[in-house]
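S.K.: Shown below is the structure under consideration.
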Amino acid sequence: MAEQRVVIGVDSSTQSTKALAVDIDTGTVLGEGRAAHTVSEGAGRESDPEQWWAALEEAAARTGWAERADAVSVAGQQHGLVTLDAAGAPVRPALLWNDVRSAPQAAELRAAIGPAEIVRRTGSLPTAAFTAAKWAWLRAHEPAAVDRVVGVRLPHDFLTERLTGEAVTDRGDASGTGWWGPDGYDKDLLGRIGLDLALLPQVLPPGARAGVVRAGTALREGALVATGTGDNMAAALGLGLRPGQPVLSLGTSGTVYAVGRRRPVDPSGTVAGFADALGGWLPLACTLNCTLAVDRFAALLGRGREEVEDGGSVVVLPYLDGERTPDLPGASGLVHGLRHDTTPGRLLQAAYDGAAHALLTALDDVLREGGDDLPGDEPLLLIGGGARGRAWQRTVRRLSGRAVRIPDAQELVALGAAAQAAALLTGEPADAVARRWRTAEGPLLEPVAKDEDALERIGDTLRRAGALQGAPAQDR
């Protein structure tokens with residue numbers, strides 16, 4: 001009987017770390033582990049990277065396979081700025097993707113280079129979320145901390161380096177920094193923000209090995225370690241996505257993306273032209289406010305998250321943390337159209353609609369930028385923490401007009417990382433591993449008529465509220 005081969009995939013997200021132990025031949029999840037993180041409140045959003053490392057070790061140990069796994073890979077939240085000192089310790093807490101204090105620096109970068117040129121070079125129009133803007137903010141506000149920095153990493157890079165001792169990253173996560181493009185690190189852009197190329201990790205090619213687990217960790221010494229990648233890129237691997245298959249992910253943030261047939265270049269900034277974890281592209285639109293914002297409205301209303309009601313004309317723009325799509329970093333939540341007959345359930349449904357609106361209106365742009373000039377009727381794959389919520393499912397179907405498939409597999413970011421680790425052992429592409437594991441299979445919800453009235457009502461409110469939200473009126 002052949003010896004069982006097991007890998008561990010890790011998802012280091014904003015709120016917690018999840019780890020899955022997976023049989024590489026069958027895709028069976030043999031063990032799971034989880035450990036929570038804390039995120040600062042107030043003006044910024046920061047986390048101590050040391051808690052990510054402690055959470056990784058705890059979550060991996062809880063799978064029951066940490067000392068027996070043959071390979072491991074780490075996927076992590078995109079964009080976060082981790083700064084390391086000469087001893088490899090964090091200089092300060094990491095600036096997270098949803099920290100919007102760097103919006104002025106992003107605007108300065110766009111103005112200095114020009115939207116079309118910066119998108120041509122890096123694939124994306126930088127917003128406050130991007131790491132380049134965060135580094136510029138840190139230089140402006142904490143020069144003493146910058147003077148101590150000898151290494152700049154993304155969250156998944158930091159964890160991979162702790163496992164292996166190697167300062168490496170992958171093209172997928174690097175593409176979300178704002179300083180990397182198809183030709184590698186952009187030296188001119190790095191010069192503009194005052195970041196020394198020597199502080200950055202090496203970008204490894206797809207399928208490469210980052211190293212092996214070194215002694216003294218919770219994982220087996222000598223186990224192979226894959227390059228890892230960003231969370232969205234890992235989820236695409238975990239689904240085994242083929243070009244043109246759209247995905248809507250409902251988590252702390254909301255994202256809609258598809259594997260592209262060509263490199264995306266959208267100077268409007270709606271679509272980020274990310275690379276995927278293989279050799280292709282992952283056009284993506286992202287919002288800062290998704291499940292947490294809707295849950296906050298439910299709490300304010302004193303209702304359960306499923307206690308929604310149809311009808312009414314109230315509009316909610318649930319921009320509780322500013323917003324990225326549309327680019328309104330100074331925005332706040334807005335409720336418009338209250339009437340005597342507005343009920344708490346209708347108001348909660350409007351919060352769902354407002355959170356889904358930007359993602360679903362960007363869907364055709366995402367597919368078009370990826371080379372699907374005539375977007376088809378492929379089912380929308382619904383993933384993330386909100387995907388199994390009936391209110392979310394009904395909202396997405398009603399506002400998209402598409403069929404929706406709910407994959408049975410859960411923790412797709414960790415599964416994608418596991419597929420990446422398995423690929424080191426089998427020689428397959430990581431997405432082929434996931435397709436062999438049949439991770440995207442699940443129930444199909446038939447399409448319903450698109451609610452054009454609701455989409456127009458939200459869009460009209462957003463256009464007219466632009467100045468109130470700190471920006472000129474928006475087109476979408």
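Letters A, B, ... go to the chains of the structure tokens in the order shown; residues in each chain start at 1; ligands are counted from 1 in the same order.
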Could you give me the residues within stretch 6-75 of chain A that DSSP places in alpha helix (DSSP H), as an mmCIF file with N, CA, C and O atoms, in the first residue's frame?

M.R.:
```
data_model
loop_
_atom_site.group_PDB
_atom_site.id
_atom_site.type_symbol
_atom_site.label_atom_id
_atom_site.label_comp_id
_atom_site.auth_asym_id
_atom_site.auth_seq_id
_atom_site.Cartn_x
_atom_site.Cartn_y
_atom_site.Cartn_z
ATOM 1 N N PRO A 49 2.911 41.468 12.985
ATOM 2 C CA PRO A 49 3.224 40.243 12.236
ATOM 3 C C PRO A 49 3.627 39.070 13.124
ATOM 4 O O PRO A 49 3.472 37.906 12.714
ATOM 5 N N GLU A 50 4.140 39.353 14.316
ATOM 6 C CA GLU A 50 4.523 38.241 15.198
ATOM 7 C C GLU A 50 3.311 37.399 15.575
ATOM 8 O O GLU A 50 3.434 36.187 15.772
ATOM 9 N N GLN A 51 2.116 38.022 15.667
ATOM 10 C CA GLN A 51 0.933 37.227 15.980
ATOM 11 C C GLN A 51 0.548 36.348 14.794
ATOM 12 O O GLN A 51 -0.013 35.267 14.980
ATOM 13 N N TRP A 52 0.853 36.790 13.570
ATOM 14 C CA TRP A 52 0.591 35.930 12.406
ATOM 15 C C TRP A 52 1.445 34.667 12.491
ATOM 16 O O TRP A 52 0.979 33.571 12.190
ATOM 17 N N TRP A 53 2.713 34.858 12.875
ATOM 18 C CA TRP A 53 3.612 33.699 12.973
ATOM 19 C C TRP A 53 3.146 32.748 14.074
ATOM 20 O O TRP A 53 3.084 31.526 13.869
ATOM 21 N N ALA A 54 2.795 33.300 15.234
ATOM 22 C CA ALA A 54 2.295 32.446 16.314
ATOM 23 C C ALA A 54 1.017 31.736 15.887
ATOM 24 O O ALA A 54 0.817 30.550 16.190
ATOM 25 N N ALA A 55 0.146 32.439 15.159
ATOM 26 C CA ALA A 55 -1.106 31.836 14.691
ATOM 27 C C ALA A 55 -0.846 30.762 13.658
ATOM 28 O O ALA A 55 -1.536 29.724 13.635
ATOM 29 N N LEU A 56 0.141 30.961 12.782
ATOM 30 C CA LEU A 56 0.473 29.925 11.788
ATOM 31 C C LEU A 56 0.910 28.643 12.498
ATOM 32 O O LEU A 56 0.449 27.544 12.155
ATOM 33 N N GLU A 57 1.805 28.787 13.473
ATOM 34 C CA GLU A 57 2.285 27.590 14.166
ATOM 35 C C GLU A 57 1.139 26.895 14.911
ATOM 36 O O GLU A 57 1.034 25.663 14.896
ATOM 37 N N GLU A 58 0.287 27.674 15.561
ATOM 38 C CA GLU A 58 -0.836 27.089 16.294
ATOM 39 C C GLU A 58 -1.813 26.399 15.352
ATOM 40 O O GLU A 58 -2.247 25.263 15.611
ATOM 41 N N ALA A 59 -2.168 27.080 14.250
ATOM 42 C CA ALA A 59 -3.125 26.492 13.311
ATOM 43 C C ALA A 59 -2.559 25.244 12.657
ATOM 44 O O ALA A 59 -3.265 24.236 12.500
ATOM 45 N N ALA A 60 -1.286 25.280 12.267
ATOM 46 C CA ALA A 60 -0.667 24.102 11.646
ATOM 47 C C ALA A 60 -0.635 22.933 12.626
ATOM 48 O O ALA A 60 -0.943 21.783 12.261
ATOM 49 N N ALA A 61 -0.293 23.205 13.881
ATOM 50 C CA ALA A 61 -0.243 22.135 14.881
ATOM 51 C C ALA A 61 -1.623 21.516 15.093
ATOM 52 O O ALA A 61 -1.749 20.293 15.279
ATOM 53 N N ARG A 62 -2.658 22.339 15.031
ATOM 54 C CA ARG A 62 -4.008 21.831 15.276
ATOM 55 C C ARG A 62 -4.526 20.944 14.145
ATOM 56 O O ARG A 62 -5.514 20.240 14.328
#
```

S.K.: So that I can see what lies close to stretch 449-458 of chain A, please list as an NGL selection string the residues with an atom at most 9 Å from it, counting only C-alpha atoms and leaving out residues fewer than 4 positions away in the same chain.

M.R.: :A and (313-317 or 353-354 or 357 or 361 or 397-402 or 462-463 or 476)

S.K.: Need to verify the contact set: stretch 323-334 of chain A, 7 Å, only C-alpha atoms, exclusion of same-chain residues closer than 3 positions in sequence. Can you return it as a ChimeraX atom specification?

M.R.: /A:100,103,270,286-289,316-320,358,469-471

S.K.: Can I get the selected residues back with all heavy atoms, as an mmCIF file, in the first residue's frame?

M.R.:
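This went into again02.cif:
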```cif
data_model
loop_
_atom_site.group_PDB
_atom_site.id
_atom_site.type_symbol
_atom_site.label_atom_id
_atom_site.label_comp_id
_atom_site.auth_asym_id
_atom_site.auth_seq_id
_atom_site.Cartn_x
_atom_site.Cartn_y
_atom_site.Cartn_z
ATOM 1 N N VAL A 100 -6.549 53.259 5.162
ATOM 2 C CA VAL A 100 -6.702 54.260 4.090
ATOM 3 C C VAL A 100 -5.947 55.557 4.378
ATOM 4 O O VAL A 100 -6.086 56.536 3.642
ATOM 5 C CB VAL A 100 -8.189 54.577 3.823
ATOM 6 C CG1 VAL A 100 -8.924 53.340 3.350
ATOM 7 C CG2 VAL A 100 -8.860 55.170 5.063
ATOM 8 N N ALA A 103 -4.035 57.369 1.440
ATOM 9 C CA ALA A 103 -4.723 57.879 0.248
ATOM 10 C C ALA A 103 -4.022 59.091 -0.368
ATOM 11 O O ALA A 103 -3.896 59.177 -1.594
ATOM 12 C CB ALA A 103 -6.171 58.215 0.585
ATOM 13 N N THR A 270 -10.825 50.826 -12.030
ATOM 14 C CA THR A 270 -11.850 49.896 -11.556
ATOM 15 C C THR A 270 -11.288 48.487 -11.434
ATOM 16 O O THR A 270 -11.522 47.788 -10.439
ATOM 17 C CB THR A 270 -13.060 49.892 -12.508
ATOM 18 O OG1 THR A 270 -13.649 51.186 -12.515
ATOM 19 C CG2 THR A 270 -14.102 48.871 -12.069
ATOM 20 N N CYS A 286 -12.068 45.187 -6.263
ATOM 21 C CA CYS A 286 -12.116 44.935 -4.820
ATOM 22 C C CYS A 286 -12.821 46.076 -4.104
ATOM 23 O O CYS A 286 -12.627 47.244 -4.439
ATOM 24 C CB CYS A 286 -10.696 44.792 -4.279
ATOM 25 S SG CYS A 286 -10.579 44.567 -2.489
ATOM 26 N N THR A 287 -13.639 45.722 -3.121
ATOM 27 C CA THR A 287 -14.224 46.715 -2.221
ATOM 28 C C THR A 287 -13.707 46.479 -0.807
ATOM 29 O O THR A 287 -13.421 45.345 -0.416
ATOM 30 C CB THR A 287 -15.760 46.627 -2.211
ATOM 31 O OG1 THR A 287 -16.162 45.333 -1.739
ATOM 32 C CG2 THR A 287 -16.333 46.875 -3.596
ATOM 33 N N LEU A 288 -13.594 47.550 -0.036
ATOM 34 C CA LEU A 288 -13.166 47.411 1.353
ATOM 35 C C LEU A 288 -14.285 46.906 2.244
ATOM 36 O O LEU A 288 -14.043 46.228 3.240
ATOM 37 C CB LEU A 288 -12.687 48.759 1.900
ATOM 38 C CG LEU A 288 -11.464 49.403 1.255
ATOM 39 C CD1 LEU A 288 -11.071 50.652 2.029
ATOM 40 C CD2 LEU A 288 -10.301 48.438 1.183
ATOM 41 N N ASN A 289 -15.518 47.257 1.916
ATOM 42 C CA ASN A 289 -16.663 46.987 2.794
ATOM 43 C C ASN A 289 -17.511 45.858 2.232
ATOM 44 O O ASN A 289 -18.121 46.010 1.177
ATOM 45 C CB ASN A 289 -17.518 48.247 2.927
ATOM 46 C CG ASN A 289 -16.771 49.381 3.563
ATOM 47 O OD1 ASN A 289 -16.633 49.457 4.780
ATOM 48 N ND2 ASN A 289 -16.250 50.285 2.735
ATOM 49 N N VAL A 316 -28.550 52.124 0.790
ATOM 50 C CA VAL A 316 -27.464 52.179 1.768
ATOM 51 C C VAL A 316 -26.141 52.045 1.024
ATOM 52 O O VAL A 316 -25.945 51.107 0.245
ATOM 53 C CB VAL A 316 -27.586 51.052 2.815
ATOM 54 C CG1 VAL A 316 -26.346 51.022 3.709
ATOM 55 C CG2 VAL A 316 -28.842 51.237 3.655
ATOM 56 N N LEU A 317 -25.247 53.005 1.248
ATOM 57 C CA LEU A 317 -23.859 52.882 0.799
ATOM 58 C C LEU A 317 -23.044 52.563 2.053
ATOM 59 O O LEU A 317 -22.740 53.449 2.849
ATOM 60 C CB LEU A 317 -23.376 54.182 0.146
ATOM 61 C CG LEU A 317 -24.202 54.693 -1.037
ATOM 62 C CD1 LEU A 317 -23.609 55.989 -1.588
ATOM 63 C CD2 LEU A 317 -24.297 53.647 -2.140
ATOM 64 N N PRO A 318 -22.686 51.292 2.276
ATOM 65 C CA PRO A 318 -22.127 50.887 3.567
ATOM 66 C C PRO A 318 -20.612 51.075 3.651
ATOM 67 O O PRO A 318 -19.858 50.164 3.988
ATOM 68 C CB PRO A 318 -22.506 49.400 3.628
ATOM 69 C CG PRO A 318 -22.449 48.960 2.202
ATOM 70 C CD PRO A 318 -22.912 50.143 1.379
ATOM 71 N N TYR A 319 -20.155 52.293 3.351
ATOM 72 C CA TYR A 319 -18.719 52.561 3.263
ATOM 73 C C TYR A 319 -18.163 52.923 4.643
ATOM 74 O O TYR A 319 -17.688 54.039 4.880
ATOM 75 C CB TYR A 319 -18.457 53.680 2.270
ATOM 76 C CG TYR A 319 -18.978 53.433 0.878
ATOM 77 C CD1 TYR A 319 -19.204 54.492 0.007
ATOM 78 C CD2 TYR A 319 -19.248 52.135 0.404
ATOM 79 C CE1 TYR A 319 -19.676 54.274 -1.281
ATOM 80 C CE2 TYR A 319 -19.717 51.909 -0.867
ATOM 81 C CZ TYR A 319 -19.937 52.990 -1.711
ATOM 82 O OH TYR A 319 -20.406 52.781 -2.980
ATOM 83 N N LEU A 320 -18.189 51.972 5.557
ATOM 84 C CA LEU A 320 -17.830 52.238 6.946
ATOM 85 C C LEU A 320 -16.330 52.396 7.145
ATOM 86 O O LEU A 320 -15.896 52.955 8.156
ATOM 87 C CB LEU A 320 -18.366 51.118 7.848
ATOM 88 C CG LEU A 320 -19.876 50.836 7.742
ATOM 89 C CD1 LEU A 320 -20.286 49.828 8.790
ATOM 90 C CD2 LEU A 320 -20.690 52.112 7.863
ATOM 91 N N ALA A 358 -21.070 47.564 -6.209
ATOM 92 C CA ALA A 358 -19.837 47.914 -6.919
ATOM 93 C C ALA A 358 -19.176 46.690 -7.531
ATOM 94 O O ALA A 358 -18.638 46.742 -8.640
ATOM 95 C CB ALA A 358 -18.872 48.622 -5.969
ATOM 96 N N GLN A 469 -19.251 62.474 -0.251
ATOM 97 C CA GLN A 469 -18.344 61.423 0.189
ATOM 98 C C GLN A 469 -16.877 61.797 -0.012
ATOM 99 O O GLN A 469 -16.000 60.950 0.100
ATOM 100 C CB GLN A 469 -18.644 60.118 -0.587
ATOM 101 C CG GLN A 469 -20.011 59.544 -0.290
ATOM 102 C CD GLN A 469 -20.076 58.856 1.063
ATOM 103 O OE1 GLN A 469 -19.351 59.204 1.984
ATOM 104 N NE2 GLN A 469 -20.940 57.864 1.201
ATOM 105 N N GLY A 470 -16.607 63.043 -0.366
ATOM 106 C CA GLY A 470 -15.212 63.486 -0.440
ATOM 107 C C GLY A 470 -14.611 63.385 -1.811
ATOM 108 O O GLY A 470 -13.394 63.405 -1.949
ATOM 109 N N ALA A 471 -15.433 63.262 -2.854
ATOM 110 C CA ALA A 471 -14.906 63.167 -4.206
ATOM 111 C C ALA A 471 -15.960 63.708 -5.167
ATOM 112 O O ALA A 471 -17.142 63.802 -4.811
ATOM 113 C CB ALA A 471 -14.573 61.720 -4.561
#
```

S.K.: Per residue of stretch 6-29 of chain A within 12 Å of stretch 138-162 of chain A, note the shortest atom pair and the distance in Å to one decimal, counting only C-alpha atoms, and order the rows by chain and increasing residue number, as CSV.

M.R.:
```
residue,atom,partner,partner_atom,distance
A:Gly9,CA,A:Thr160,CA,12.0
A:Val10,CA,A:His156,CA,9.6
A:Asp11,CA,A:His156,CA,8.9
A:Ser12,CA,A:His156,CA,7.3
A:Ser13,CA,A:Pro155,CA,9.1
A:Thr14,CA,A:Pro155,CA,10.0
A:Thr17,CA,A:His156,CA,11.4
```

S.K.: Taking all heavy atoms for each residue, export the selection above as a PDB file, in the first residue's frame.

M.R.:
```pdb
ATOM      1  N   GLY A   9      -1.756  23.604   3.643  1.00  0.00           N
ATOM      2  CA  GLY A   9      -1.972  24.916   3.049  1.00  0.00           C
ATOM      3  C   GLY A   9      -2.418  25.884   4.126  1.00  0.00           C
ATOM      4  O   GLY A   9      -3.277  25.560   4.945  1.00  0.00           O
ATOM      5  N   VAL A  10      -1.840  27.085   4.119  1.00  0.00           N
ATOM      6  CA  VAL A  10      -2.102  28.077   5.152  1.00  0.00           C
ATOM      7  C   VAL A  10      -2.723  29.316   4.521  1.00  0.00           C
ATOM      8  O   VAL A  10      -2.263  29.807   3.488  1.00  0.00           O
ATOM      9  CB  VAL A  10      -0.799  28.464   5.886  1.00  0.00           C
ATOM     10  CG1 VAL A  10      -1.058  29.573   6.904  1.00  0.00           C
ATOM     11  CG2 VAL A  10      -0.182  27.251   6.561  1.00  0.00           C
ATOM     12  N   ASP A  11      -3.765  29.832   5.157  1.00  0.00           N
ATOM     13  CA  ASP A  11      -4.397  31.090   4.774  1.00  0.00           C
ATOM     14  C   ASP A  11      -4.244  32.058   5.938  1.00  0.00           C
ATOM     15  O   ASP A  11      -4.937  31.943   6.949  1.00  0.00           O
ATOM     16  CB  ASP A  11      -5.880  30.868   4.453  1.00  0.00           C
ATOM     17  CG  ASP A  11      -6.660  32.172   4.285  1.00  0.00           C
ATOM     18  OD1 ASP A  11      -6.032  33.238   4.150  1.00  0.00           O
ATOM     19  OD2 ASP A  11      -7.912  32.104   4.293  1.00  0.00           O
ATOM     20  N   SER A  12      -3.314  33.026   5.798  1.00  0.00           N
ATOM     21  CA  SER A  12      -3.130  34.057   6.817  1.00  0.00           C
ATOM     22  C   SER A  12      -3.931  35.273   6.378  1.00  0.00           C
ATOM     23  O   SER A  12      -3.479  36.068   5.557  1.00  0.00           O
ATOM     24  CB  SER A  12      -1.648  34.401   6.976  1.00  0.00           C
ATOM     25  OG  SER A  12      -1.468  35.402   7.959  1.00  0.00           O
ATOM     26  N   SER A  13      -5.135  35.423   6.926  1.00  0.00           N
ATOM     27  CA  SER A  13      -6.047  36.475   6.489  1.00  0.00           C
ATOM     28  C   SER A  13      -6.046  37.633   7.485  1.00  0.00           C
ATOM     29  O   SER A  13      -5.248  37.664   8.425  1.00  0.00           O
ATOM     30  CB  SER A  13      -7.454  35.913   6.316  1.00  0.00           C
ATOM     31  OG  SER A  13      -7.999  35.565   7.576  1.00  0.00           O
ATOM     32  N   THR A  14      -6.931  38.570   7.285  1.00  0.00           N
ATOM     33  CA  THR A  14      -6.983  39.750   8.144  1.00  0.00           C
ATOM     34  C   THR A  14      -7.331  39.382   9.583  1.00  0.00           C
ATOM     35  O   THR A  14      -6.716  39.876  10.531  1.00  0.00           O
ATOM     36  CB  THR A  14      -8.027  40.749   7.617  1.00  0.00           C
ATOM     37  OG1 THR A  14      -7.837  40.937   6.218  1.00  0.00           O
ATOM     38  CG2 THR A  14      -7.905  42.081   8.322  1.00  0.00           C
ATOM     39  N   THR A  17      -5.778  32.985  11.037  1.00  0.00           N
ATOM     40  CA  THR A  17      -5.018  32.053  10.204  1.00  0.00           C
ATOM     41  C   THR A  17      -5.743  30.714  10.196  1.00  0.00           C
ATOM     42  O   THR A  17      -6.152  30.215  11.251  1.00  0.00           O
ATOM     43  CB  THR A  17      -3.593  31.859  10.734  1.00  0.00           C
ATOM     44  OG1 THR A  17      -2.864  33.078  10.564  1.00  0.00           O
ATOM     45  CG2 THR A  17      -2.870  30.750   9.984  1.00  0.00           C
TER      46      THR A  17
END
```

S.K.: Which residues are close to A:Val433, i.e. within 12 Å by only C-alpha atoms, leaving aside same-chain residues fewer than 4 positions away? Reply as a PyMOL selection string.

M.R.: chain A and resi 22-27+237-241+415-429+437-440

S.K.: Those residues with N, CA, C and O atoms, as a short mmCIF file (atom, residue, chain, number, x, y, z; two decimals), in the first residue's frame please?

M.R.:
```cif
data_model
loop_
_atom_site.label_atom_id
_atom_site.label_comp_id
_atom_site.auth_asym_id
_atom_site.auth_seq_id
_atom_site.Cartn_x
_atom_site.Cartn_y
_atom_site.Cartn_z
N VAL A 22 -4.03 18.23 3.77
CA VAL A 22 -4.75 17.68 2.62
C VAL A 22 -3.99 16.50 2.05
O VAL A 22 -2.77 16.57 1.85
N ASP A 23 -4.71 15.42 1.76
CA ASP A 23 -4.14 14.28 1.05
C ASP A 23 -3.93 14.67 -0.41
O ASP A 23 -4.90 15.06 -1.09
N ILE A 24 -2.71 14.58 -0.92
CA ILE A 24 -2.45 15.13 -2.25
C ILE A 24 -3.05 14.28 -3.36
O ILE A 24 -3.27 14.78 -4.46
N ASP A 25 -3.34 13.03 -3.09
CA ASP A 25 -3.90 12.17 -4.13
C ASP A 25 -5.40 12.36 -4.29
O ASP A 25 -5.93 12.35 -5.41
N THR A 26 -6.11 12.56 -3.19
CA THR A 26 -7.57 12.62 -3.23
C THR A 26 -8.14 14.02 -2.98
O THR A 26 -9.30 14.26 -3.28
N GLY A 27 -7.34 14.91 -2.39
CA GLY A 27 -7.85 16.21 -2.00
C GLY A 27 -8.65 16.19 -0.71
O GLY A 27 -9.22 17.22 -0.31
N LEU A 237 -6.34 29.48 -7.53
CA LEU A 237 -5.73 28.15 -7.63
C LEU A 237 -6.62 27.10 -6.98
O LEU A 237 -6.80 26.00 -7.52
N GLY A 238 -7.16 27.44 -5.80
CA GLY A 238 -7.97 26.47 -5.07
C GLY A 238 -9.21 26.04 -5.82
O GLY A 238 -9.72 24.93 -5.62
N LEU A 239 -9.71 26.90 -6.70
CA LEU A 239 -10.87 26.56 -7.53
C LEU A 239 -10.46 25.91 -8.85
O LEU A 239 -11.34 25.43 -9.58
N GLY A 240 -9.18 25.91 -9.15
CA GLY A 240 -8.74 25.39 -10.45
C GLY A 240 -9.32 26.20 -11.59
O GLY A 240 -9.69 25.65 -12.63
N LEU A 241 -9.39 27.51 -11.44
CA LEU A 241 -10.08 28.37 -12.40
C LEU A 241 -9.50 28.27 -13.80
O LEU A 241 -8.28 28.24 -13.99
N LEU A 415 -6.89 25.90 0.59
CA LEU A 415 -6.84 24.81 -0.39
C LEU A 415 -5.94 25.15 -1.57
O LEU A 415 -5.21 24.29 -2.07
N GLY A 416 -5.99 26.42 -2.02
CA GLY A 416 -5.10 26.83 -3.10
C GLY A 416 -3.65 26.75 -2.69
O GLY A 416 -2.79 26.32 -3.47
N ALA A 417 -3.35 27.16 -1.45
CA ALA A 417 -1.99 27.02 -0.96
C ALA A 417 -1.60 25.54 -0.88
O ALA A 417 -0.46 25.17 -1.22
N ALA A 418 -2.52 24.70 -0.45
CA ALA A 418 -2.24 23.26 -0.39
C ALA A 418 -1.96 22.70 -1.79
O ALA A 418 -1.07 21.87 -1.97
N ALA A 419 -2.74 23.15 -2.78
CA ALA A 419 -2.50 22.71 -4.16
C ALA A 419 -1.12 23.15 -4.63
O ALA A 419 -0.43 22.41 -5.36
N GLN A 420 -0.70 24.35 -4.24
CA GLN A 420 0.63 24.84 -4.60
C GLN A 420 1.71 23.97 -3.96
O GLN A 420 2.72 23.63 -4.60
N ALA A 421 1.50 23.59 -2.70
CA ALA A 421 2.45 22.70 -2.03
C ALA A 421 2.47 21.33 -2.69
O ALA A 421 3.54 20.73 -2.91
N ALA A 422 1.28 20.80 -3.02
CA ALA A 422 1.21 19.49 -3.66
C ALA A 422 1.91 19.47 -5.01
O ALA A 422 2.53 18.47 -5.39
N ALA A 423 1.83 20.59 -5.73
CA ALA A 423 2.46 20.66 -7.05
C ALA A 423 3.97 20.47 -6.98
O ALA A 423 4.59 19.99 -7.92
N LEU A 424 4.58 20.85 -5.84
CA LEU A 424 6.01 20.61 -5.67
C LEU A 424 6.34 19.12 -5.68
O LEU A 424 7.42 18.71 -6.10
N LEU A 425 5.39 18.31 -5.21
CA LEU A 425 5.62 16.87 -5.08
C LEU A 425 5.20 16.10 -6.32
O LEU A 425 5.79 15.06 -6.64
N THR A 426 4.18 16.61 -7.03
CA THR A 426 3.66 15.85 -8.18
C THR A 426 4.16 16.34 -9.52
O THR A 426 4.07 15.62 -10.51
N GLY A 427 4.66 17.57 -9.57
CA GLY A 427 5.10 18.14 -10.84
C GLY A 427 3.99 18.72 -11.69
O GLY A 427 4.24 19.22 -12.79
N GLU A 428 2.74 18.68 -11.20
CA GLU A 428 1.60 19.26 -11.93
C GLU A 428 1.55 20.77 -11.70
O GLU A 428 2.04 21.27 -10.69
N PRO A 429 0.88 21.51 -12.60
CA PRO A 429 0.52 22.88 -12.25
C PRO A 429 -0.47 22.87 -11.08
O PRO A 429 -1.30 21.96 -10.97
N TRP A 437 -8.81 17.57 -7.65
CA TRP A 437 -9.50 17.48 -6.36
C TRP A 437 -10.98 17.85 -6.46
O TRP A 437 -11.72 17.70 -5.50
N ARG A 438 -11.41 18.40 -7.61
CA ARG A 438 -12.82 18.74 -7.90
C ARG A 438 -13.37 19.74 -6.87
O ARG A 438 -14.49 19.64 -6.39
N THR A 439 -12.55 20.75 -6.60
CA THR A 439 -12.89 21.71 -5.55
C THR A 439 -14.01 22.67 -5.93
O THR A 439 -14.66 23.24 -5.05
N ALA A 440 -14.25 22.89 -7.23
CA ALA A 440 -15.25 23.89 -7.65
C ALA A 440 -16.65 23.31 -7.76
O ALA A 440 -17.60 24.05 -8.06
#
```

S.K.: Give me the residues near stretch 91-96 of chain A as an MDAnalysis selection string, where near means some atom within 6 Å (using only C-alpha atoms) and where sequence neighbours in that chain fewer than 3 positions away do not count.

M.R.: chainID A and resid 45:48 80:85 99

S.K.: Within 6 Å of stretch 173-180 of chain A, counting only C-alpha atoms, which residues show up once you throw out same-chain ones fewer than 6 positions away? Write them as a list in words, please.

M.R.: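 Counting only C-alpha atoms, the residues come to His79, Thr122, Phe130, Thr131, Ala132, Asp186, Thr229, Gly230, Phe274 and Ala275 of chain A.
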
S.K.: Among the residues of stretch 283-327 of chain A, find those DSSP assigns to strand (DSSP E or B) from the backbone and print them as a PyMOL selection string.

M.R.: chain A and resi 283-287+315-317+320+322-323

S.K.: So, counting only C-alpha atoms, which residue among A:Ile406, A:Leu367, A:Ala198, A:Val168 is closest to A:Arg262?

M.R.: A:Leu367
